[in-house]
Amino acid sequence: MSRQKESAVSWSVRLLVAAAVVACGALLGWGLVAGREKAAVEEQQEGAIKVPVRVSDKNGERVIRLDADTQQRSGIETGVLSSTPHPEQLRAYGMVLDVARLTELSNSYANAKAQVQTAQAKLAMSKPAYDRAQKLFNETHVVSQAQVQAAEAAFGTDQASLVAAEAQVRTLSATAYQEWGAVLGKSLIEESPMIKALIERQSFLLQITLPPGVVLPTPPATASIKVGDARQQIAFVSPATRIDPRIQGVSFFYTVAAASGVLPGMNVLAFLPTGKSIEGVAVPASAVVWWQGRAWIYRRTAPSSFTRLAIATDAPTPDGGYIANNVAKDAEIVTQGAQLLLSEEFRAQIQVGEDSQ
């Protein structure tokens with residue numbers, strides 16, 4: 001009987017051990033499966049976050065690679081820009097002048113002219129009065145010597161007043177010529193429509209200064225300035241009578257309509273046609289990106305490859321672009337989406353830097 005009990009106990013122990021082993025195996029298996037699933041999820045998350053590197057170096061150039069679908073989704077457009085002759089434009093620097101001094105001179109000149117007219121009117125009355133008193137005294141003695149002397153004094157005073165008023169007019173005229181030049185000075189004296197428009201702020205006066213060392217024998221009758229994103233036409237007046245101390249170049253006076261949006265004290269860029277032509281590709285403003293103070297464009301070197309090229313900015317175009325003479329014939333240029341390519345290029349640099357860490 002005791003043997004049967006011992007056998008039953010032994011059998012129970014074996015069952016318990018077997019159950020424990022099975023349970024441990026199940027737990028271990030579940031842990032392995034869960035670990036693998038977690039690792040797979042993390043791997044998928046890392047794959048979703050990590051952006052594929054699309055930039056590489058080839059022959060010293062950075063090459064950006066985008067497939068056709070990505071280019072279409074990103075709005076990247078290209079065009080073949082032919083090299084043709086273009087009117088040359090010289091870039092200059094403009095400043096909108098305050099014409100308060102011109103207004104002051106105009107008012108002073110008008111007052112001086114009025115003083116001349118007043119003195120002339122007084123003299124026109126005092127001279128006959130003196131002549132009549134002198135005649136009456138000599139012929140009939142109807143008037144006294146004192147009356148003759150009084151008439152003579154009034155006549156002399158009016159003569160002196162006229163001389164002084166005329167001298168003031170000449171002085172102001174000379175001042176206008178010295179300060180503003182022959183054209184503006186004459187316009188002020190003659191009270192021309194141009195001066196009236198400047199005083200009434202229907203137009204503004206610009207001083208356009210060429211870069212140091214640059215000479216333009218014949219300034220153009222019309223040119224343009226850049227106000228915001230728009231070009232405004234300006235009209236030549238005369239050579240300037242002063243220099244811009246900041247630039248030390250040859251200067252000219254131009255006028256611009258008040259509707260252009262300029263105000264006294266503003267600095268603007270001016271573009272003066274030289275009458276010559278230059279050969280090159282007219283790169284539109286939409287194709288230009290700026291980095292490190294330089295202008296760049298992207299050219300397509302293969303259906304899915306683009307490279308960046310620096311261009312000069314000394315030959316601007318009216319639409320805000322530039323004439324480039326270092327673009328190969330029949331090169332395909334990115335006309336829309338260049339900024340996206342620049343961002344893609346530098347995003348790849350940041351990603352490579354993070355991966356190396």
# chains A, B, ... in the order shown; residues from 1 in each chain; ligands from 1
$ residues_around --residues "Gln339 in chain A" --least-positions-apart "2" --cutoff "12 Å" --atoms "only C-alpha atoms" --output "list in words"
Ser74, Gly75, Ile76, Glu77, Ala285, Ser286, Ala287, Val288, Val289, Trp290, Trp291, Ala295, Trp296, Ile297, Tyr298, Arg308, Val334, Thr335, Gln336, Gly337, Leu341, Leu342, Ser343, Glu344, Glu345 and Phe346 of chain A
$ write_last_selection --atoms "C-alpha atoms" --output "PDB file, in the first residue's frame"
ATOM      1  CA  SER A  74       7.710  68.440 -57.250  1.00  0.00           C
ATOM      2  CA  GLY A  75       6.773  70.648 -60.203  1.00  0.00           C
ATOM      3  CA  ILE A  76      10.250  70.653 -61.711  1.00  0.00           C
ATOM      4  CA  GLU A  77      10.245  72.081 -65.231  1.00  0.00           C
ATOM      5  CA  ALA A 285      14.435  84.921 -62.591  1.00  0.00           C
ATOM      6  CA  SER A 286      12.523  81.726 -61.727  1.00  0.00           C
ATOM      7  CA  ALA A 287      15.602  79.650 -62.603  1.00  0.00           C
ATOM      8  CA  VAL A 288      17.984  81.505 -60.270  1.00  0.00           C
ATOM      9  CA  VAL A 289      18.700  80.490 -56.680  1.00  0.00           C
ATOM     10  CA  TRP A 290      21.021  82.291 -54.275  1.00  0.00           C
ATOM     11  CA  TRP A 291      23.588  80.673 -52.023  1.00  0.00           C
ATOM     12  CA  ALA A 295      23.562  83.250 -58.184  1.00  0.00           C
ATOM     13  CA  TRP A 296      23.192  79.622 -59.284  1.00  0.00           C
ATOM     14  CA  ILE A 297      21.150  77.622 -61.778  1.00  0.00           C
ATOM     15  CA  TYR A 298      20.530  73.893 -62.179  1.00  0.00           C
ATOM     16  CA  ARG A 308      24.410  73.268 -59.992  1.00  0.00           C
ATOM     17  CA  VAL A 334      15.638  74.035 -64.670  1.00  0.00           C
ATOM     18  CA  THR A 335      13.172  76.917 -65.053  1.00  0.00           C
ATOM     19  CA  GLN A 336      10.814  75.925 -62.219  1.00  0.00           C
ATOM     20  CA  GLY A 337      11.734  74.096 -59.020  1.00  0.00           C
ATOM     21  CA  LEU A 341      16.734  71.045 -55.846  1.00  0.00           C
ATOM     22  CA  LEU A 342      18.885  73.306 -53.681  1.00  0.00           C
ATOM     23  CA  SER A 343      16.935  72.213 -50.589  1.00  0.00           C
ATOM     24  CA  GLU A 344      17.287  68.557 -51.598  1.00  0.00           C
ATOM     25  CA  GLU A 345      21.030  68.979 -52.055  1.00  0.00           C
ATOM     26  CA  PHE A 346      21.589  70.426 -48.606  1.00  0.00           C
TER      27      PHE A 346
END
$ residues_around --residues "range 212-223 of chain A" --least-positions-apart "4" --cutoff "12 Å" --atoms "only C-alpha atoms" --output "mmCIF file with N, CA and C atoms, in the first residue's frame"
data_model
loop_
_atom_site.group_PDB
_atom_site.id
_atom_site.type_symbol
_atom_site.label_atom_id
_atom_site.label_comp_id
_atom_site.auth_asym_id
_atom_site.auth_seq_id
_atom_site.Cartn_x
_atom_site.Cartn_y
_atom_site.Cartn_z
ATOM 1 N N GLU A 88 22.558 95.146 -73.975
ATOM 2 C CA GLU A 88 23.359 95.242 -72.754
ATOM 3 C C GLU A 88 22.785 96.321 -71.844
ATOM 4 N N GLN A 89 22.684 95.995 -70.567
ATOM 5 C CA GLN A 89 22.221 96.955 -69.568
ATOM 6 C C GLN A 89 23.272 97.080 -68.474
ATOM 7 N N LEU A 90 23.569 98.320 -68.142
ATOM 8 C CA LEU A 90 24.553 98.600 -67.102
ATOM 9 C C LEU A 90 23.827 98.794 -65.776
ATOM 10 N N ARG A 91 24.253 98.067 -64.775
ATOM 11 C CA ARG A 91 23.626 98.210 -63.459
ATOM 12 C C ARG A 91 24.261 99.373 -62.711
ATOM 13 N N ALA A 92 23.421 100.247 -62.180
ATOM 14 C CA ALA A 92 23.885 101.417 -61.440
ATOM 15 C C ALA A 92 23.092 101.514 -60.137
ATOM 16 N N TYR A 93 23.412 102.535 -59.356
ATOM 17 C CA TYR A 93 22.809 102.685 -58.034
ATOM 18 C C TYR A 93 22.072 104.014 -57.977
ATOM 19 N N GLY A 94 20.831 103.976 -57.509
ATOM 20 C CA GLY A 94 20.011 105.174 -57.484
ATOM 21 C C GLY A 94 19.589 105.561 -56.081
ATOM 22 N N LEU A 206 15.723 111.510 -59.089
ATOM 23 C CA LEU A 206 16.669 110.451 -58.750
ATOM 24 C C LEU A 206 18.082 110.874 -59.106
ATOM 25 N N ILE A 208 21.270 108.893 -60.187
ATOM 26 C CA ILE A 208 21.740 107.574 -60.605
ATOM 27 C C ILE A 208 23.259 107.626 -60.733
ATOM 28 N N ARG A 231 9.699 96.752 -62.430
ATOM 29 C CA ARG A 231 10.571 97.732 -63.070
ATOM 30 C C ARG A 231 9.753 98.991 -63.373
ATOM 31 N N GLN A 232 10.341 100.159 -63.090
ATOM 32 C CA GLN A 232 9.699 101.442 -63.360
ATOM 33 C C GLN A 232 10.595 102.261 -64.281
ATOM 34 N N GLN A 233 9.977 102.894 -65.265
ATOM 35 C CA GLN A 233 10.752 103.667 -66.234
ATOM 36 C C GLN A 233 11.137 105.019 -65.646
ATOM 37 N N ILE A 234 12.352 105.460 -65.968
ATOM 38 C CA ILE A 234 12.834 106.767 -65.528
ATOM 39 C C ILE A 234 13.298 107.555 -66.748
ATOM 40 N N ALA A 235 13.258 108.891 -66.637
ATOM 41 C CA ALA A 235 13.586 109.767 -67.766
ATOM 42 C C ALA A 235 14.804 110.616 -67.421
ATOM 43 N N PHE A 236 15.722 110.721 -68.372
ATOM 44 C CA PHE A 236 16.960 111.479 -68.163
ATOM 45 C C PHE A 236 16.670 112.975 -68.071
ATOM 46 N N VAL A 237 17.363 113.645 -67.159
ATOM 47 C CA VAL A 237 17.250 115.093 -66.999
ATOM 48 C C VAL A 237 18.552 115.770 -67.392
ATOM 49 N N SER A 238 19.630 115.424 -66.706
ATOM 50 C CA SER A 238 20.920 116.077 -66.955
ATOM 51 C C SER A 238 22.001 115.365 -66.160
ATOM 52 N N PRO A 239 23.276 115.677 -66.445
ATOM 53 C CA PRO A 239 24.338 115.209 -65.547
ATOM 54 C C PRO A 239 24.132 115.795 -64.152
ATOM 55 N N ALA A 240 24.468 115.040 -63.144
ATOM 56 C CA ALA A 240 24.300 115.515 -61.770
ATOM 57 C C ALA A 240 25.384 116.530 -61.425
ATOM 58 N N ILE A 243 28.329 114.249 -56.466
ATOM 59 C CA ILE A 243 28.556 112.804 -56.495
ATOM 60 C C ILE A 243 27.939 112.182 -55.249
ATOM 61 N N ASP A 244 27.692 110.911 -55.335
ATOM 62 C CA ASP A 244 27.257 110.160 -54.161
ATOM 63 C C ASP A 244 28.521 109.761 -53.399
ATOM 64 N N PRO A 245 28.736 110.300 -52.198
ATOM 65 C CA PRO A 245 29.995 110.020 -51.483
ATOM 66 C C PRO A 245 30.194 108.546 -51.158
ATOM 67 N N ARG A 246 29.119 107.757 -51.171
ATOM 68 C CA ARG A 246 29.255 106.337 -50.849
ATOM 69 C C ARG A 246 29.831 105.545 -52.011
ATOM 70 N N ILE A 247 29.635 106.055 -53.253
ATOM 71 C CA ILE A 247 29.996 105.271 -54.431
ATOM 72 C C ILE A 247 31.142 105.895 -55.212
ATOM 73 N N GLN A 248 31.193 107.239 -55.256
ATOM 74 C CA GLN A 248 32.273 107.946 -55.949
ATOM 75 C C GLN A 248 32.299 107.640 -57.443
ATOM 76 N N GLY A 249 31.127 107.574 -58.049
ATOM 77 C CA GLY A 249 31.044 107.333 -59.486
ATOM 78 C C GLY A 249 30.354 108.480 -60.200
ATOM 79 N N VAL A 250 30.353 108.430 -61.537
ATOM 80 C CA VAL A 250 29.679 109.446 -62.344
ATOM 81 C C VAL A 250 28.174 109.353 -62.097
ATOM 82 N N SER A 251 27.529 110.524 -61.946
ATOM 83 C CA SER A 251 26.109 110.543 -61.599
ATOM 84 C C SER A 251 25.286 111.329 -62.607
ATOM 85 N N PHE A 252 23.994 110.974 -62.683
ATOM 86 C CA PHE A 252 23.036 111.656 -63.550
ATOM 87 C C PHE A 252 21.738 111.878 -62.777
ATOM 88 N N PHE A 253 20.998 112.917 -63.211
ATOM 89 C CA PHE A 253 19.666 113.156 -62.670
ATOM 90 C C PHE A 253 18.632 112.519 -63.596
ATOM 91 N N TYR A 254 17.691 111.803 -63.000
ATOM 92 C CA TYR A 254 16.549 111.229 -63.717
ATOM 93 C C TYR A 254 15.282 111.545 -62.924
ATOM 94 N N THR A 255 14.138 111.505 -63.592
ATOM 95 C CA THR A 255 12.862 111.650 -62.897
ATOM 96 C C THR A 255 12.059 110.361 -63.039
ATOM 97 N N VAL A 256 11.190 110.124 -62.056
ATOM 98 C CA VAL A 256 10.321 108.950 -62.074
ATOM 99 C C VAL A 256 8.948 109.376 -61.566
ATOM 100 N N LEU A 269 18.040 100.043 -57.328
ATOM 101 C CA LEU A 269 18.931 99.597 -58.396
ATOM 102 C C LEU A 269 18.420 100.145 -59.716
ATOM 103 N N ALA A 270 19.333 100.644 -60.538
ATOM 104 C CA ALA A 270 18.969 101.187 -61.845
ATOM 105 C C ALA A 270 19.640 100.367 -62.939
ATOM 106 N N PHE A 271 18.985 100.321 -64.088
ATOM 107 C CA PHE A 271 19.494 99.561 -65.228
ATOM 108 C C PHE A 271 19.484 100.472 -66.450
ATOM 109 N N LEU A 272 20.685 100.785 -66.948
ATOM 110 C CA LEU A 272 20.838 101.733 -68.046
ATOM 111 C C LEU A 272 21.275 101.003 -69.306
ATOM 112 N N PRO A 273 20.478 101.067 -70.374
ATOM 113 C CA PRO A 273 20.908 100.442 -71.631
ATOM 114 C C PRO A 273 22.110 101.174 -72.211
ATOM 115 N N THR A 274 23.081 100.406 -72.689
ATOM 116 C CA THR A 274 24.303 101.005 -73.238
ATOM 117 C C THR A 274 24.251 101.176 -74.746
ATOM 118 N N GLY A 275 23.240 100.590 -75.382
ATOM 119 C CA GLY A 275 23.170 100.631 -76.835
ATOM 120 C C GLY A 275 23.945 99.518 -77.506
ATOM 121 N N LYS A 276 24.610 98.668 -76.734
ATOM 122 C CA LYS A 276 25.372 97.552 -77.279
ATOM 123 C C LYS A 276 24.607 96.243 -77.061
ATOM 124 N N PRO A 318 15.421 92.689 -67.926
ATOM 125 C CA PRO A 318 14.282 93.435 -67.367
ATOM 126 C C PRO A 318 13.372 92.613 -66.463
#
$ residues_around --residues "Thr313 in chain A" --least-positions-apart "4" --cutoff "8 Å" --atoms "only C-alpha atoms" --output "PDB file with N, CA and C atoms, in the first residue's frame"
ATOM      1  N   ALA A 295      24.717  83.757 -57.445  1.00  0.00           N
ATOM      2  CA  ALA A 295      23.562  83.250 -58.184  1.00  0.00           C
ATOM      3  C   ALA A 295      23.917  81.911 -58.824  1.00  0.00           C
ATOM      4  N   TYR A 322      19.196  87.095 -65.616  1.00  0.00           N
ATOM      5  CA  TYR A 322      20.543  87.523 -65.992  1.00  0.00           C
ATOM      6  C   TYR A 322      20.945  86.887 -67.320  1.00  0.00           C
ATOM      7  N   ILE A 323      21.852  87.573 -68.019  1.00  0.00           N
ATOM      8  CA  ILE A 323      22.444  87.016 -69.228  1.00  0.00           C
ATOM      9  C   ILE A 323      23.689  86.236 -68.810  1.00  0.00           C
ATOM     10  N   ALA A 324      23.678  84.941 -69.053  1.00  0.00           N
ATOM     11  CA  ALA A 324      24.801  84.078 -68.667  1.00  0.00           C
ATOM     12  C   ALA A 324      25.566  83.658 -69.914  1.00  0.00           C
TER      13      ALA A 324
END
$ closest_residue --among "A:Thr140, A:Ser106, A:Gln120, A:Thr317" --to "Gly280 in chain A" --atoms "only C-alpha atoms"
A:Thr317
$ closest_residue --among "A:Leu340, A:Thr103, A:Thr157, A:Val148" --to "Ala119 in chain A" --atoms "only C-alpha atoms"
A:Thr157
$ select_by_dssp --residues "range 97-269 of chain A" --states "strand (DSSP E)" --output "ChimeraX atom specification"
/A:203-209,222-227,230-239,251-257,267-269
$ residues_around --residues "Gly261 in chain A" --least-positions-apart "3" --cutoff "9 Å" --atoms "only C-alpha atoms" --output "MDAnalysis selection string"
chainID A and resid 227 257:258
$ atom_distance --atom1 "CA of Val268 in chain A" --atom2 "CA of Gln202 in chain A"
18.7 Å
$ residues_around --residues "Val142 in chain A" --least-positions-apart "6" --cutoff "10 Å" --atoms "only C-alpha atoms" --output "short mmCIF file (atom, residue, chain, number, x, y, z; two decimals) with N, CA and C atoms, in the first residue's frame"
data_model
loop_
_atom_site.label_atom_id
_atom_site.label_comp_id
_atom_site.auth_asym_id
_atom_site.auth_seq_id
_atom_site.Cartn_x
_atom_site.Cartn_y
_atom_site.Cartn_z
N ALA A 133 7.46 167.62 -60.76
CA ALA A 133 7.80 168.60 -59.72
C ALA A 133 8.98 169.45 -60.14
N LYS A 135 9.84 170.25 -63.19
CA LYS A 135 9.40 171.16 -64.25
C LYS A 135 8.60 172.33 -63.69
N LEU A 136 7.68 172.01 -62.76
CA LEU A 136 6.88 173.08 -62.17
C LEU A 136 7.75 174.05 -61.36
#
$ residues_around --residues "Val281 in chain A" --least-positions-apart "2" --cutoff "10 Å" --atoms "only C-alpha atoms" --output "ChimeraX atom specification"
/A:80-86,278-279,283-284,322-331
$ atom_distance --atom1 "CA of Asn107 in chain A" --atom2 "CA of Gln178 in chain A"
16.9 Å
$ residues_around --residues "Gly185 in chain A" --least-positions-apart "4" --cutoff "9 Å" --atoms "only C-alpha atoms" --output "PyMOL selection string"
chain A and resi 173-181+189-190
